[in-house]
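J.: Quick one: this structure, given as structure tokens, is what I'll be asking you about.
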Amino acid sequence: MLTYTIDTATAGTPLLDYLQQEISLAQASYLNRLIRSGKVLCNGESTTAGQILRAGDTITLPGSRKLISLIERQARQPQILYESDKILVVAKPSGLATHSSRGHEQDNLNERVREMLLARGKKFKTAAIHRLDLPTSGPVIFGKGQKAISELGKLMQQRGIEKKYLALTLAGLPKQGRFQGTLDSKGKTKVAECDYRVITQNDEIALHEIVLGSGRQHQIRRQMAEVGFPIAGDKRYRGPDLPGLNRLFLHAFALTFTDPFGNEAIKIKDPLPDDLTQLLEHYDLSCPDTNKY
């Protein structure tokens, strides 16, 4: 059985409207059939689609395969940060691959976006025009349709997209600076540069804002490690383990670019995830207001 408890924010909502909000992938006709058949209960009793819900009411639905599948698919839907007819920007959580790769063939951000658009009846091609490392979180831009993918890809190659990150390391770096050098990338040596500044710190750890000047694989992680300050939670580059940190503390919090289709300035903000915010609070460091950057 599936159980929902009505809170004050949703009190006053008709039952069918509430169920459509909670299980958005379920068609209204399907939910109506469940209600009429008596399989949806309110406080243990059969009810109607128009019943007005009150705070504290308990709604019970059958634990059918179809309902569970719809709920699981809904949970996989990415958070949308921005959308137009050509551009889609979604938040990638830490631990989810951007593209299909070994071990991530069935579940990756590309696949989740594809599923979301198919559920809307959209069958055009879509693709991420850049990537974030598996353990890194933050916004990823998708093109909607081949022309959009191509134009956004050109914008990316021309460095027309500014990307800002938040990274936590041990304290000790100067308050601001630039990492500039070369990195091996797919058998080639390429220039890699980024600027950083310390946003907040104490005697033990420091939170940095990093602005990428180039986009090499693992660039921030590698360059921070090369100067002796690997990112917290980075097992690959021997970053420090901090109590309560179960992931890499690297988050892309801002993207800025000009829409190539309308010349509109687009600014995308993705606040620091709750688990990283809580870690900063544990160390008595204030969480930055990303809207200021």
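Residue numbers start at 1 in each chain; chains themselves are named A, B, ... in the order of the structure tokens; ligands are numbered from 1 in the order shown.
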Quick one: residues within 9 Å of Arg114 in chain A, only C-alpha atoms counted, chain neighbours fewer than 3 positions away excluded, as a list of chain:residue names?

T.: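 Once the adjacent positions are removed, what remains is A:Leu109, A:Asn110, A:Glu111, A:Leu117, A:Leu118, A:Ala119, A:Lys122, A:Lys123, A:Lys125, A:Thr126, A:Ala127.
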
J.: Would you save the residues from that selection as an mmCIF file, in the first residue's frame, using N, CA and C atoms?

T.:
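So selection13.cif came out as:
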data_model
loop_
_atom_site.group_PDB
_atom_site.id
_atom_site.type_symbol
_atom_site.label_atom_id
_atom_site.label_comp_id
_atom_site.auth_asym_id
_atom_site.auth_seq_id
_atom_site.Cartn_x
_atom_site.Cartn_y
_atom_site.Cartn_z
ATOM 1 N N LEU A 109 22.046 10.939 -16.754
ATOM 2 C CA LEU A 109 21.265 12.171 -16.922
ATOM 3 C C LEU A 109 20.658 12.265 -18.311
ATOM 4 N N ASN A 110 21.403 11.877 -19.332
ATOM 5 C CA ASN A 110 20.855 11.878 -20.691
ATOM 6 C C ASN A 110 19.589 11.045 -20.783
ATOM 7 N N GLU A 111 19.634 9.852 -20.181
ATOM 8 C CA GLU A 111 18.489 8.951 -20.245
ATOM 9 C C GLU A 111 17.304 9.511 -19.463
ATOM 10 N N LEU A 117 11.118 13.892 -21.442
ATOM 11 C CA LEU A 117 10.547 14.485 -22.641
ATOM 12 C C LEU A 117 9.599 13.523 -23.349
ATOM 13 N N LEU A 118 9.919 12.220 -23.333
ATOM 14 C CA LEU A 118 9.005 11.235 -23.915
ATOM 15 C C LEU A 118 7.671 11.216 -23.180
ATOM 16 N N ALA A 119 7.724 11.392 -21.849
ATOM 17 C CA ALA A 119 6.485 11.420 -21.066
ATOM 18 C C ALA A 119 5.621 12.608 -21.457
ATOM 19 N N LYS A 122 7.292 14.320 -26.396
ATOM 20 C CA LYS A 122 8.320 14.937 -27.237
ATOM 21 C C LYS A 122 9.316 13.867 -27.668
ATOM 22 N N LYS A 123 9.467 13.712 -28.987
ATOM 23 C CA LYS A 123 10.326 12.646 -29.503
ATOM 24 C C LYS A 123 11.552 13.172 -30.246
ATOM 25 N N LYS A 125 15.371 14.692 -30.846
ATOM 26 C CA LYS A 125 16.664 14.335 -30.273
ATOM 27 C C LYS A 125 17.081 15.371 -29.234
ATOM 28 N N THR A 126 17.687 14.921 -28.166
ATOM 29 C CA THR A 126 18.220 15.824 -27.158
ATOM 30 C C THR A 126 19.568 15.288 -26.694
ATOM 31 N N ALA A 127 20.453 16.188 -26.276
ATOM 32 C CA ALA A 127 21.779 15.766 -25.822
ATOM 33 C C ALA A 127 22.393 16.834 -24.940
#

J.: Got a sec: who's within 6 Å of Glu209 in chain A, counting only C-alpha atoms, leaving out chain neighbours fewer than 5 positions off, as a VMD selection string?

T.: chain A and resid 165 to 166 196 to 197

J.: Only C-alpha atoms, please: the residues just picked out, written as a PDB file, in the first residue's frame.

T.:
ATOM      1  CA  TYR A 165      32.052  26.113  -9.000  1.00  0.00           C
ATOM      2  CA  LEU A 166      32.267  25.822  -5.227  1.00  0.00           C
ATOM      3  CA  TYR A 196      39.849  30.939  -7.708  1.00  0.00           C
ATOM      4  CA  ARG A 197      39.122  32.979  -4.632  1.00  0.00           C
TER       5      ARG A 197
END

J.: Give the strand (DSSP E or B) residues of range 25-157 of chain A, as assigned by DSSP on the backbone, as a PyMOL selection string.

T.: chain A and resi 41-42+45-46+52+58-61+79-83+87-92+126-128+137-144

J.: Select from range 130-209 of chain A every residue with an atom at most 8 Å from any atom of range 247-259 of chain A, then for each give the shortest pair of atoms and their distance in Å to one decimal, using only C-alpha atoms, rows by chain and rising number, as a Markdown table.

T.:
| residue | atom | partner | partner_atom | distance |
| --- | --- | --- | --- | --- |
| A:Pro135 | CA | A:Leu248 | CA | 5.7 |
| A:Thr136 | CA | A:Leu250 | CA | 5.5 |
| A:Ser137 | CA | A:His251 | CA | 4.9 |
| A:Gly138 | CA | A:Ala252 | CA | 4.4 |
| A:Pro139 | CA | A:Ala252 | CA | 6.6 |
| A:Gly160 | CA | A:Phe257 | CA | 6.1 |
| A:Ile161 | CA | A:Phe257 | CA | 4.8 |
| A:Glu162 | CA | A:Thr256 | CA | 5.1 |
| A:Lys163 | CA | A:Leu255 | CA | 4.9 |
| A:Lys164 | CA | A:Ala254 | CA | 5.1 |
| A:Tyr165 | CA | A:Ala252 | CA | 4.1 |
| A:Leu166 | CA | A:His251 | CA | 5.2 |
| A:Ala167 | CA | A:Leu250 | CA | 4.6 |
| A:Leu168 | CA | A:Phe249 | CA | 5.7 |

J.: Convert the current residue selection to file output with N, CA and C atoms, as a short mmCIF file (atom, residue, chain, number, x, y, z; two decimals), in the first residue's frame.

T.:
data_model
loop_
_atom_site.label_atom_id
_atom_site.label_comp_id
_atom_site.auth_asym_id
_atom_site.auth_seq_id
_atom_site.Cartn_x
_atom_site.Cartn_y
_atom_site.Cartn_z
N PRO A 135 31.01 12.40 -9.63
CA PRO A 135 30.75 12.84 -8.25
C PRO A 135 30.43 14.33 -8.11
N THR A 136 30.48 15.08 -9.21
CA THR A 136 30.22 16.52 -9.17
C THR A 136 28.74 16.80 -9.42
N SER A 137 28.19 17.78 -8.72
CA SER A 137 26.79 18.16 -8.93
C SER A 137 26.72 19.54 -9.58
N GLY A 138 25.55 19.84 -10.15
CA GLY A 138 25.36 21.15 -10.75
C GLY A 138 24.58 21.11 -12.04
N PRO A 139 24.39 22.27 -12.68
CA PRO A 139 23.57 22.37 -13.89
C PRO A 139 24.26 21.84 -15.13
N GLY A 160 31.88 30.26 -24.82
CA GLY A 160 30.83 31.25 -24.61
C GLY A 160 29.97 30.97 -23.40
N ILE A 161 30.34 29.96 -22.61
CA ILE A 161 29.58 29.61 -21.41
C ILE A 161 30.50 29.73 -20.20
N GLU A 162 30.19 30.64 -19.30
CA GLU A 162 30.98 30.79 -18.07
C GLU A 162 30.45 29.85 -17.00
N LYS A 163 31.36 29.10 -16.39
CA LYS A 163 30.97 28.12 -15.37
C LYS A 163 31.68 28.44 -14.05
N LYS A 164 30.91 28.50 -12.98
CA LYS A 164 31.45 28.76 -11.65
C LYS A 164 31.16 27.59 -10.73
N TYR A 165 32.15 27.26 -9.90
CA TYR A 165 32.05 26.11 -9.00
C TYR A 165 32.35 26.54 -7.56
N LEU A 166 31.89 25.72 -6.63
CA LEU A 166 32.27 25.82 -5.23
C LEU A 166 33.02 24.56 -4.86
N ALA A 167 34.20 24.72 -4.25
CA ALA A 167 35.04 23.58 -3.89
C ALA A 167 35.60 23.79 -2.50
N LEU A 168 35.61 22.74 -1.71
CA LEU A 168 36.12 22.79 -0.33
C LEU A 168 37.46 22.07 -0.25
#

J.: For Pro174 in chain A, which residue among A:His130, A:Lys147, A:Gly63, A:Phe229 is the nearest when counting only C-alpha atoms?

T.: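 Looking only at the distances to Pro174 in chain A, the closest residue turns out to be A:Phe229.
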
J.: If we count only C-alpha atoms and set the cut-off at 12 Å, which residues sit around range 14-21 of chain A, ignoring sequence neighbours fewer than 4 positions away in its own chain? Please answer as a VMD selection string.

T.: chain A and resid 2 to 7 9 to 10 25 to 36 40 to 42 46 to 54 57 to 61 67 70 to 71 74

J.: From the options A:Gln180, A:Asn43, A:Gln77, A:Thr189, which residue's atoms come nearest to Leu212 in chain A, counting only C-alpha atoms?

T.: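 Among the listed residues, A:Gln180 lies closest to Leu212 in chain A.
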
J.: Fewer than 3 positions away in the same chain doesn't count, so skip those; otherwise give me all residues within 12 Å of Asp184 in chain A, counting only C-alpha atoms, as a list of chain:residue names.

T.: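 Listing them by chain and then by number gives A:Gly181, A:Gly187, A:Lys188, A:Thr189, A:Lys190, A:Val191, A:Ala192, A:Arg216, A:Gln217, A:His218, A:Gln219, A:Arg222, A:Gln223.
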
J.: Go ahead and dump the residues you just picked, all heavy atoms, as an mmCIF file, in the first residue's frame.

T.:
data_model
loop_
_atom_site.group_PDB
_atom_site.id
_atom_site.type_symbol
_atom_site.label_atom_id
_atom_site.label_comp_id
_atom_site.auth_asym_id
_atom_site.auth_seq_id
_atom_site.Cartn_x
_atom_site.Cartn_y
_atom_site.Cartn_z
ATOM 1 N N GLY A 181 48.403 26.063 -16.522
ATOM 2 C CA GLY A 181 49.394 25.073 -16.910
ATOM 3 C C GLY A 181 48.853 24.205 -18.013
ATOM 4 O O GLY A 181 48.032 24.641 -18.828
ATOM 5 N N GLY A 187 45.527 11.717 -24.585
ATOM 6 C CA GLY A 187 46.783 11.576 -25.316
ATOM 7 C C GLY A 187 47.376 12.863 -25.820
ATOM 8 O O GLY A 187 48.448 12.863 -26.441
ATOM 9 N N LYS A 188 46.714 13.991 -25.548
ATOM 10 C CA LYS A 188 47.223 15.286 -25.991
ATOM 11 C C LYS A 188 47.464 16.190 -24.786
ATOM 12 O O LYS A 188 46.804 16.065 -23.761
ATOM 13 C CB LYS A 188 46.230 15.947 -26.948
ATOM 14 C CG LYS A 188 45.991 15.185 -28.234
ATOM 15 C CD LYS A 188 45.007 15.924 -29.122
ATOM 16 C CE LYS A 188 44.754 15.163 -30.426
ATOM 17 N NZ LYS A 188 43.790 15.887 -31.300
ATOM 18 N N THR A 189 48.433 17.085 -24.916
ATOM 19 C CA THR A 189 48.706 18.064 -23.874
ATOM 20 C C THR A 189 47.945 19.344 -24.194
ATOM 21 O O THR A 189 48.114 19.921 -25.272
ATOM 22 C CB THR A 189 50.211 18.360 -23.781
ATOM 23 O OG1 THR A 189 50.896 17.147 -23.464
ATOM 24 C CG2 THR A 189 50.487 19.393 -22.695
ATOM 25 N N LYS A 190 47.089 19.769 -23.269
ATOM 26 C CA LYS A 190 46.241 20.933 -23.520
ATOM 27 C C LYS A 190 46.384 21.954 -22.397
ATOM 28 O O LYS A 190 46.624 21.608 -21.242
ATOM 29 C CB LYS A 190 44.779 20.501 -23.645
ATOM 30 C CG LYS A 190 44.510 19.587 -24.837
ATOM 31 C CD LYS A 190 43.035 19.287 -24.990
ATOM 32 C CE LYS A 190 42.771 18.422 -26.216
ATOM 33 N NZ LYS A 190 41.329 18.152 -26.396
ATOM 34 N N VAL A 191 46.231 23.230 -22.762
ATOM 35 C CA VAL A 191 46.288 24.313 -21.783
ATOM 36 C C VAL A 191 45.082 24.209 -20.856
ATOM 37 O O VAL A 191 43.958 23.941 -21.289
ATOM 38 C CB VAL A 191 46.289 25.687 -22.492
ATOM 39 C CG1 VAL A 191 46.173 26.824 -21.482
ATOM 40 C CG2 VAL A 191 47.544 25.839 -23.333
ATOM 41 N N ALA A 192 45.312 24.432 -19.566
ATOM 42 C CA ALA A 192 44.236 24.389 -18.579
ATOM 43 C C ALA A 192 44.406 25.561 -17.621
ATOM 44 O O ALA A 192 45.485 25.769 -17.070
ATOM 45 C CB ALA A 192 44.271 23.066 -17.809
ATOM 46 N N ARG A 216 38.836 20.977 -19.184
ATOM 47 C CA ARG A 216 39.499 19.685 -19.344
ATOM 48 C C ARG A 216 38.916 18.671 -18.357
ATOM 49 O O ARG A 216 38.389 19.039 -17.309
ATOM 50 C CB ARG A 216 41.005 19.815 -19.117
ATOM 51 C CG ARG A 216 41.669 20.961 -19.873
ATOM 52 C CD ARG A 216 41.391 20.918 -21.348
ATOM 53 N NE ARG A 216 41.993 22.048 -22.046
ATOM 54 C CZ ARG A 216 41.640 22.453 -23.240
ATOM 55 N NH1 ARG A 216 40.656 21.836 -23.900
ATOM 56 N NH2 ARG A 216 42.228 23.482 -23.801
ATOM 57 N N GLN A 217 39.054 17.406 -18.688
ATOM 58 C CA GLN A 217 38.518 16.356 -17.818
ATOM 59 C C GLN A 217 39.179 16.406 -16.446
ATOM 60 O O GLN A 217 40.405 16.447 -16.337
ATOM 61 C CB GLN A 217 38.739 14.980 -18.449
ATOM 62 C CG GLN A 217 38.060 13.861 -17.671
ATOM 63 C CD GLN A 217 38.209 12.518 -18.352
ATOM 64 O OE1 GLN A 217 39.160 12.285 -19.077
ATOM 65 N NE2 GLN A 217 37.247 11.634 -18.137
ATOM 66 N N HIS A 218 38.359 16.426 -15.397
ATOM 67 C CA HIS A 218 38.813 16.466 -14.015
ATOM 68 C C HIS A 218 39.692 17.689 -13.736
ATOM 69 O O HIS A 218 40.510 17.687 -12.818
ATOM 70 C CB HIS A 218 39.616 15.209 -13.642
ATOM 71 C CG HIS A 218 38.845 13.941 -13.706
ATOM 72 N ND1 HIS A 218 39.385 12.721 -13.368
ATOM 73 C CD2 HIS A 218 37.567 13.673 -14.069
ATOM 74 C CE1 HIS A 218 38.489 11.767 -13.527
ATOM 75 N NE2 HIS A 218 37.373 12.335 -13.952
ATOM 76 N N GLN A 219 39.522 18.764 -14.533
ATOM 77 C CA GLN A 219 40.473 19.876 -14.455
ATOM 78 C C GLN A 219 40.614 20.463 -13.051
ATOM 79 O O GLN A 219 41.731 20.588 -12.530
ATOM 80 C CB GLN A 219 40.083 21.001 -15.427
ATOM 81 C CG GLN A 219 41.056 22.178 -15.360
ATOM 82 C CD GLN A 219 40.680 23.302 -16.287
ATOM 83 O OE1 GLN A 219 40.100 23.067 -17.337
ATOM 84 N NE2 GLN A 219 41.008 24.532 -15.921
ATOM 85 N N ARG A 222 42.176 17.985 -10.607
ATOM 86 C CA ARG A 222 43.593 17.725 -10.870
ATOM 87 C C ARG A 222 44.457 18.927 -10.509
ATOM 88 O O ARG A 222 45.524 18.786 -9.898
ATOM 89 C CB ARG A 222 43.791 17.346 -12.341
ATOM 90 C CG ARG A 222 43.170 16.000 -12.700
ATOM 91 C CD ARG A 222 43.054 15.797 -14.198
ATOM 92 N NE ARG A 222 44.360 15.607 -14.843
ATOM 93 C CZ ARG A 222 44.495 15.430 -16.151
ATOM 94 N NH1 ARG A 222 43.419 15.440 -16.943
ATOM 95 N NH2 ARG A 222 45.688 15.255 -16.661
ATOM 96 N N GLN A 223 44.007 20.117 -10.868
ATOM 97 C CA GLN A 223 44.828 21.297 -10.590
ATOM 98 C C GLN A 223 44.890 21.607 -9.099
ATOM 99 O O GLN A 223 45.943 22.022 -8.601
ATOM 100 C CB GLN A 223 44.308 22.497 -11.385
ATOM 101 C CG GLN A 223 44.575 22.359 -12.888
ATOM 102 C CD GLN A 223 44.317 23.636 -13.664
ATOM 103 O OE1 GLN A 223 43.210 24.167 -13.631
ATOM 104 N NE2 GLN A 223 45.328 24.131 -14.359
#

J.: Which residue gives the smallest distance to Asp274 in chain A among A:Ser94, A:Thr13, A:Ser37, A:Ser64, with only C-alpha atoms counted?

T.: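 Counting only C-alpha atoms, the residue closest to Asp274 in chain A is A:Ser94.
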
J.: Within 12 Å of Leu279 in chain A, counting only C-alpha atoms, which residues show up once you throw out same-chain ones fewer than 4 positions away? Write them as a ChimeraX atom specification, please.

T.: /A:168,205,207,232-233,242-249,272-275,283-287

J.: Could you check which of A:Gly38, A:Gly177, A:Gly213, A:Gly44 is closest to Cys194 in chain A, using only C-alpha atoms?

T.: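 The answer is A:Gly213, which sits nearest to Cys194 in chain A.
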